[in-house]
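Peer 1: Pasting query.cif here (mmCIF, C-alpha atoms):
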```
data_entry
loop_
_atom_site.label_atom_id
_atom_site.label_comp_id
_atom_site.auth_asym_id
_atom_site.auth_seq_id
_atom_site.Cartn_x
_atom_site.Cartn_y
_atom_site.Cartn_z
CA MET Z 1 5.41 -34.70 40.47
CA ASP Z 2 2.95 -35.10 43.34
CA VAL Z 3 -0.33 -33.37 42.51
CA SER Z 4 -2.36 -35.02 45.26
CA GLY Z 5 -2.62 -31.88 47.39
CA TRP Z 6 -3.45 -29.45 44.60
CA PRO Z 7 -6.75 -27.57 44.60
CA LEU Z 8 -9.31 -28.17 41.87
CA GLU Z 9 -8.56 -25.11 39.74
CA ARG Z 10 -4.82 -25.75 39.72
CA LEU Z 11 -5.42 -29.36 38.66
CA ARG Z 12 -7.83 -28.21 35.95
CA VAL Z 13 -5.20 -25.86 34.50
CA PHE Z 14 -2.62 -28.65 34.72
CA ALA Z 15 -4.95 -30.95 32.75
CA VAL Z 16 -5.74 -28.31 30.13
CA GLU Z 17 -2.09 -27.38 29.57
CA GLY Z 18 -0.81 -30.91 29.09
CA ASP Z 19 -1.83 -33.79 26.95
CA ASP Z 20 0.49 -36.59 28.02
CA TRP Z 21 -1.21 -39.66 29.45
CA TRP Z 22 0.65 -39.64 32.78
CA ARG Z 23 -0.31 -36.05 33.58
CA LEU Z 24 -3.95 -36.62 32.71
CA GLU Z 25 -4.10 -39.92 34.58
CA ALA Z 26 -2.67 -38.23 37.70
CA VAL Z 27 -5.37 -35.56 37.47
CA ARG Z 28 -8.07 -38.19 36.90
CA LEU Z 29 -7.00 -40.22 39.91
CA VAL Z 30 -6.79 -37.28 42.31
CA ALA Z 31 -10.05 -35.76 41.10
CA GLN Z 32 -11.87 -39.08 41.28
CA GLN Z 33 -10.55 -39.74 44.78
CA ARG Z 34 -11.83 -36.35 45.92
CA ALA Z 35 -15.20 -36.91 44.23
CA LEU Z 36 -15.61 -40.18 46.12
CA ALA Z 37 -14.54 -38.76 49.47
CA ALA Z 38 -17.37 -38.07 51.88
CA GLY Z 39 -17.53 -34.86 53.85
CA GLN Z 40 -17.96 -32.39 51.01
CA PRO Z 41 -21.24 -31.07 49.60
CA ALA Z 42 -22.60 -32.92 46.57
CA GLU Z 43 -21.91 -29.95 44.29
CA VAL Z 44 -18.22 -29.89 45.25
CA ARG Z 45 -17.97 -33.63 44.71
CA ARG Z 46 -19.64 -33.25 41.29
CA ARG Z 47 -17.06 -30.61 40.33
CA TRP Z 48 -14.28 -33.05 41.22
CA ALA Z 49 -16.05 -35.80 39.27
CA ALA Z 50 -16.39 -33.47 36.27
CA LEU Z 51 -12.63 -32.84 36.36
CA ALA Z 52 -12.00 -36.58 36.53
CA LEU Z 53 -14.22 -37.06 33.47
CA PHE Z 54 -12.44 -34.25 31.63
CA ALA Z 55 -9.02 -35.79 32.21
CA ASN Z 56 -10.30 -39.28 31.41
CA ARG Z 57 -11.84 -38.13 28.13
CA ARG Z 58 -8.59 -36.50 27.11
CA THR Z 59 -6.79 -39.82 27.61
CA ALA Z 60 -9.45 -41.80 25.75
CA GLY Z 61 -8.32 -40.84 22.27
CA ASP Z 62 -10.31 -43.19 20.07
CA GLY Z 63 -12.79 -44.22 22.74
CA ALA Z 64 -10.58 -46.80 24.40
CA THR Z 65 -12.46 -49.40 26.43
CA ARG Z 66 -10.54 -48.59 29.61
CA ALA Z 67 -11.49 -44.92 29.50
CA LEU Z 68 -15.13 -45.64 28.64
CA THR Z 69 -15.38 -48.20 31.43
CA GLN Z 70 -13.98 -45.68 33.93
CA GLU Z 71 -16.31 -42.97 32.66
CA PHE Z 72 -19.40 -45.16 32.81
CA TRP Z 73 -18.54 -46.30 36.33
CA LEU Z 74 -17.94 -42.77 37.66
CA ARG Z 75 -21.06 -41.34 36.05
CA THR Z 76 -23.12 -44.20 37.49
CA TRP Z 77 -21.62 -43.64 40.94
CA VAL Z 78 -22.43 -39.92 40.86
CA ILE Z 79 -25.99 -40.53 39.68
CA GLU Z 80 -26.58 -43.19 42.32
CA ARG Z 81 -24.85 -41.53 45.28
CA LEU Z 82 -25.18 -37.81 44.62
CA GLY Z 83 -28.31 -37.91 42.51
CA PRO Z 84 -28.98 -36.97 38.91
CA GLU Z 85 -28.65 -33.38 37.79
CA PRO Z 86 -31.25 -32.40 35.19
CA GLY Z 87 -29.77 -30.54 32.25
CA GLN Z 88 -26.33 -32.06 32.83
CA PRO Z 89 -26.04 -35.15 30.60
CA ASP Z 90 -23.03 -36.49 32.49
CA TRP Z 91 -25.23 -36.83 35.56
CA GLU Z 92 -28.44 -38.10 33.90
CA ALA Z 93 -29.19 -41.83 33.82
CA GLU Z 94 -30.91 -41.65 30.43
CA ALA Z 95 -27.93 -39.98 28.79
CA LEU Z 96 -25.57 -42.55 30.31
CA ALA Z 97 -27.83 -45.34 29.04
CA ASP Z 98 -27.69 -43.83 25.54
CA ASP Z 99 -23.90 -43.50 25.71
CA THR Z 100 -23.60 -47.11 26.86
CA LEU Z 101 -25.80 -48.38 24.05
CA ALA Z 102 -23.78 -46.35 21.52
CA ALA Z 103 -20.54 -47.97 22.75
CA LEU Z 104 -21.86 -51.52 22.31
CA THR Z 105 -21.34 -53.16 18.93
CA LEU Z 106 -23.17 -56.39 19.75
CA THR Z 107 -26.66 -57.05 21.01
CA ALA Z 108 -27.03 -58.89 24.28
CA ALA Z 109 -28.48 -61.86 22.38
CA ASP Z 110 -25.47 -61.98 20.00
CA ALA Z 111 -23.05 -61.78 22.93
CA ALA Z 112 -24.89 -64.55 24.78
CA ALA Z 113 -24.83 -66.80 21.71
CA ARG Z 114 -21.10 -66.28 21.24
CA ALA Z 115 -20.41 -66.78 24.94
CA ASP Z 116 -21.73 -70.35 24.90
CA ASP Z 117 -18.45 -71.63 23.50
CA TRP Z 118 -16.21 -68.59 23.76
CA ARG Z 119 -13.01 -70.62 24.17
CA ALA Z 120 -13.38 -71.88 20.60
CA LEU Z 121 -13.68 -68.36 19.18
CA PRO Z 122 -10.85 -66.48 17.44
CA LEU Z 123 -8.92 -64.17 19.76
CA ASP Z 124 -10.40 -60.99 18.27
CA GLU Z 125 -13.94 -62.23 19.03
CA ILE Z 126 -12.95 -63.14 22.59
CA ARG Z 127 -11.55 -59.62 22.97
CA ALA Z 128 -14.83 -58.18 21.66
CA LEU Z 129 -16.78 -60.17 24.25
CA ARG Z 130 -14.40 -59.04 26.98
CA ARG Z 131 -14.79 -55.43 25.81
CA HIS Z 132 -18.57 -55.75 26.13
CA LYS Z 133 -18.21 -57.26 29.59
CA ASN Z 134 -16.13 -54.26 30.67
CA LEU Z 135 -18.46 -51.72 29.04
CA THR Z 136 -21.49 -53.15 30.84
CA ALA Z 137 -19.99 -53.40 34.34
CA HIS Z 138 -22.07 -50.48 35.61
CA LEU Z 139 -25.42 -51.67 34.32
CA ALA Z 140 -26.64 -53.56 37.40
CA THR Z 141 -26.67 -50.20 39.19
CA LEU Z 142 -27.69 -48.01 36.25
CA VAL Z 143 -30.83 -49.94 35.29
CA ASP Z 144 -32.23 -49.26 38.76
CA GLN Z 145 -31.91 -45.53 38.03
CA LEU Z 146 -33.82 -45.72 34.72
CA GLU Z 147 -37.53 -45.30 34.21
CA PRO Z 148 -39.26 -48.27 32.56
CA GLY Z 149 -39.01 -47.97 28.80
CA PRO Z 150 -36.99 -48.89 25.72
CA ARG Z 151 -33.57 -47.88 27.09
CA ARG Z 152 -34.02 -49.95 30.21
CA ASP Z 153 -35.43 -52.83 28.18
CA GLN Z 154 -32.34 -52.82 25.94
CA LEU Z 155 -29.93 -52.75 28.87
CA LEU Z 156 -31.57 -55.25 31.23
CA PRO Z 157 -30.49 -58.32 29.19
CA TRP Z 158 -26.87 -57.17 29.47
CA VAL Z 159 -27.02 -57.50 33.26
CA ARG Z 160 -27.68 -61.23 32.85
CA VAL Z 161 -25.46 -61.77 29.80
CA ARG Z 162 -22.48 -60.04 31.37
CA GLY Z 163 -21.93 -62.97 33.73
CA LEU Z 164 -21.59 -65.33 30.77
CA LEU Z 165 -18.83 -63.35 29.06
CA PRO Z 166 -15.12 -64.12 29.37
#
```
Mind turning the file's structure into structure tokens?
Peer 2:
Amino acid sequence: MDVSGWPLERLRVFAVEGDDWWRLEAVRLVAQQRALAAGQPAEVRRRWAALALFANRRTAGDGATRALTQEFWLRTWVIERLGPEPGQPDWEAEALADDTLAALTLTAADAAARADDWRALPLDEIRALRRHKNLTAHLATLVDQLEPGPRRDQLLPWVRVRGLLP
């Protein structure tokens, strides 16, 4: 089924009524594409981005790395390009920083230490390092949006460490 030409409300209903991955991924892709497309007011683009997040979160299940990575990237893009929206955590840099920190199970120092000889690590530890690399892909942009303080201080080392990870 081609949903690429559907209006926002019809896609939203489609996403609410179904829970299979393919349906939700189709909605996410169309909504994200429309959010990224220039030529619409920022508020319209944010509504498309919100629908993309909704569909993505429904596919995430247990917080899958793929879904979190996509969410963090889209939220960062909206904050950077369309600006933050006070009172809307999805579009606030501080809330995204907190969500990122909550998703990380290693410190940047632990990840860096393990990355020194990552090829010698067991496969599950290599996967954990790769997960952290994916979950921190947006940080080079996000840290520029954060005020100086503890959140930014915790995330800055990840920008450097990320390049060391497999």
Peer 1: Apply the PyMOL selection byres ((chain Z and resi 25) around 12) to the file shown and report the selected residues as a count of residues only.
Peer 2: 32
Peer 1: Counting only C-alpha atoms, figure out which residue out of Z:Gln33, Z:Gln154, Z:Thr105, Z:Gln88 gets nearest to Z:Leu74.
Peer 2: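 Closest candidate: Z:Gln33.
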Peer 1: Just the residues within 12 Å of Z:Ala102, please, counting all atoms listed in the file, with nothing from its chain fewer than 6 positions along; format it as a ChimeraX atom specification.
Peer 2: /Z:63,68,95-96,132,135-136,151,154-155
Peer 1: Excluding Z:Ala97 and its own-chain neighbours fewer than 6 positions away, which residues fall within 9 Å of it when counting only C-alpha atoms? Please give them as a PDB file with C-alpha atoms, in the frame of the given file.
Peer 2:
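Written out: result23.pdb:
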```
ATOM      1  CA  LEU Z 139     -25.420 -51.670  34.320  1.00  0.00           C
ATOM      2  CA  LEU Z 142     -27.690 -48.010  36.250  1.00  0.00           C
ATOM      3  CA  VAL Z 143     -30.830 -49.940  35.290  1.00  0.00           C
ATOM      4  CA  LEU Z 146     -33.820 -45.720  34.720  1.00  0.00           C
ATOM      5  CA  ARG Z 151     -33.570 -47.880  27.090  1.00  0.00           C
ATOM      6  CA  ARG Z 152     -34.020 -49.950  30.210  1.00  0.00           C
ATOM      7  CA  LEU Z 155     -29.930 -52.750  28.870  1.00  0.00           C
TER       8      LEU Z 155
END
```
Peer 1: Calculate how many Å separate atom CA of Z:Asn134 from atom CA of Z:Arg162, rounding to one decimal.
Peer 2: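 These two atoms are separated by 8.6 Å.
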Peer 1: Which residue is closest to Z:Phe72? Choose from Z:Ala120, Z:Val16, Z:Ala137, Z:Ile126 and count only C-alpha atoms.
Peer 2: Z:Ala137
Peer 1: Could you work out how far atom CA of Z:Ala35 lies from atom CA of Z:Trp48, giving the answer in Å with one decimal?
Peer 2: 5.0 Å
Peer 1: Could you write stretch 24-38 of chain Z as a PDB file, keeping the file's coordinate frame, with N, CA, C and O atoms rebuilt where they are missing?
Peer 2:
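Contents of the output file out20.pdb:
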```pdb
ATOM      1  N   LEU Z  24      -2.501 -36.534  32.673  1.00  0.00           N
ATOM      2  CA  LEU Z  24      -3.950 -36.620  32.710  1.00  0.00           C
ATOM      3  C   LEU Z  24      -4.434 -37.727  33.645  1.00  0.00           C
ATOM      4  O   LEU Z  24      -5.442 -37.572  34.340  1.00  0.00           O
ATOM      5  N   GLU Z  25      -3.716 -38.833  33.671  1.00  0.00           N
ATOM      6  CA  GLU Z  25      -4.100 -39.920  34.580  1.00  0.00           C
ATOM      7  C   GLU Z  25      -3.908 -39.494  36.037  1.00  0.00           C
ATOM      8  O   GLU Z  25      -4.723 -39.837  36.891  1.00  0.00           O
ATOM      9  N   ALA Z  26      -2.873 -38.732  36.329  1.00  0.00           N
ATOM     10  CA  ALA Z  26      -2.670 -38.230  37.700  1.00  0.00           C
ATOM     11  C   ALA Z  26      -3.832 -37.323  38.100  1.00  0.00           C
ATOM     12  O   ALA Z  26      -4.366 -37.428  39.212  1.00  0.00           O
ATOM     13  N   VAL Z  27      -4.238 -36.448  37.191  1.00  0.00           N
ATOM     14  CA  VAL Z  27      -5.370 -35.560  37.470  1.00  0.00           C
ATOM     15  C   VAL Z  27      -6.637 -36.384  37.667  1.00  0.00           C
ATOM     16  O   VAL Z  27      -7.403 -36.155  38.616  1.00  0.00           O
ATOM     17  N   ARG Z  28      -6.876 -37.355  36.795  1.00  0.00           N
ATOM     18  CA  ARG Z  28      -8.070 -38.190  36.900  1.00  0.00           C
ATOM     19  C   ARG Z  28      -8.140 -38.892  38.253  1.00  0.00           C
ATOM     20  O   ARG Z  28      -9.166 -38.884  38.924  1.00  0.00           O
ATOM     21  N   LEU Z  29      -7.021 -39.473  38.656  1.00  0.00           N
ATOM     22  CA  LEU Z  29      -7.000 -40.220  39.910  1.00  0.00           C
ATOM     23  C   LEU Z  29      -7.255 -39.332  41.126  1.00  0.00           C
ATOM     24  O   LEU Z  29      -8.040 -39.682  42.006  1.00  0.00           O
ATOM     25  N   VAL Z  30      -6.599 -38.189  41.172  1.00  0.00           N
ATOM     26  CA  VAL Z  30      -6.790 -37.280  42.310  1.00  0.00           C
ATOM     27  C   VAL Z  30      -8.214 -36.738  42.320  1.00  0.00           C
ATOM     28  O   VAL Z  30      -8.873 -36.719  43.364  1.00  0.00           O
ATOM     29  N   ALA Z  31      -8.699 -36.321  41.164  1.00  0.00           N
ATOM     30  CA  ALA Z  31     -10.050 -35.760  41.100  1.00  0.00           C
ATOM     31  C   ALA Z  31     -11.097 -36.818  41.449  1.00  0.00           C
ATOM     32  O   ALA Z  31     -12.051 -36.536  42.181  1.00  0.00           O
ATOM     33  N   GLN Z  32     -10.913 -38.024  40.960  1.00  0.00           N
ATOM     34  CA  GLN Z  32     -11.870 -39.080  41.280  1.00  0.00           C
ATOM     35  C   GLN Z  32     -11.855 -39.408  42.766  1.00  0.00           C
ATOM     36  O   GLN Z  32     -12.896 -39.569  43.390  1.00  0.00           O
ATOM     37  N   GLN Z  33     -10.665 -39.471  43.347  1.00  0.00           N
ATOM     38  CA  GLN Z  33     -10.550 -39.740  44.780  1.00  0.00           C
ATOM     39  C   GLN Z  33     -11.295 -38.680  45.585  1.00  0.00           C
ATOM     40  O   GLN Z  33     -12.009 -38.984  46.536  1.00  0.00           O
ATOM     41  N   ARG Z  34     -11.160 -37.436  45.197  1.00  0.00           N
ATOM     42  CA  ARG Z  34     -11.830 -36.350  45.920  1.00  0.00           C
ATOM     43  C   ARG Z  34     -13.347 -36.384  45.691  1.00  0.00           C
ATOM     44  O   ARG Z  34     -14.113 -36.044  46.583  1.00  0.00           O
ATOM     45  N   ALA Z  35     -13.764 -36.792  44.501  1.00  0.00           N
ATOM     46  CA  ALA Z  35     -15.200 -36.910  44.230  1.00  0.00           C
ATOM     47  C   ALA Z  35     -15.817 -37.990  45.112  1.00  0.00           C
ATOM     48  O   ALA Z  35     -16.945 -37.838  45.592  1.00  0.00           O
ATOM     49  N   LEU Z  36     -15.091 -39.060  45.337  1.00  0.00           N
ATOM     50  CA  LEU Z  36     -15.610 -40.180  46.120  1.00  0.00           C
ATOM     51  C   LEU Z  36     -15.555 -39.931  47.619  1.00  0.00           C
ATOM     52  O   LEU Z  36     -16.267 -40.590  48.379  1.00  0.00           O
ATOM     53  N   ALA Z  37     -14.735 -39.003  48.040  1.00  0.00           N
ATOM     54  CA  ALA Z  37     -14.540 -38.760  49.470  1.00  0.00           C
ATOM     55  C   ALA Z  37     -15.754 -38.083  50.086  1.00  0.00           C
ATOM     56  O   ALA Z  37     -16.246 -37.064  49.596  1.00  0.00           O
ATOM     57  N   ALA Z  38     -16.243 -38.658  51.155  1.00  0.00           N
ATOM     58  CA  ALA Z  38     -17.370 -38.070  51.880  1.00  0.00           C
ATOM     59  C   ALA Z  38     -16.917 -36.814  52.607  1.00  0.00           C
ATOM     60  O   ALA Z  38     -15.730 -36.572  52.774  1.00  0.00           O
TER      61      ALA Z  38
END
```
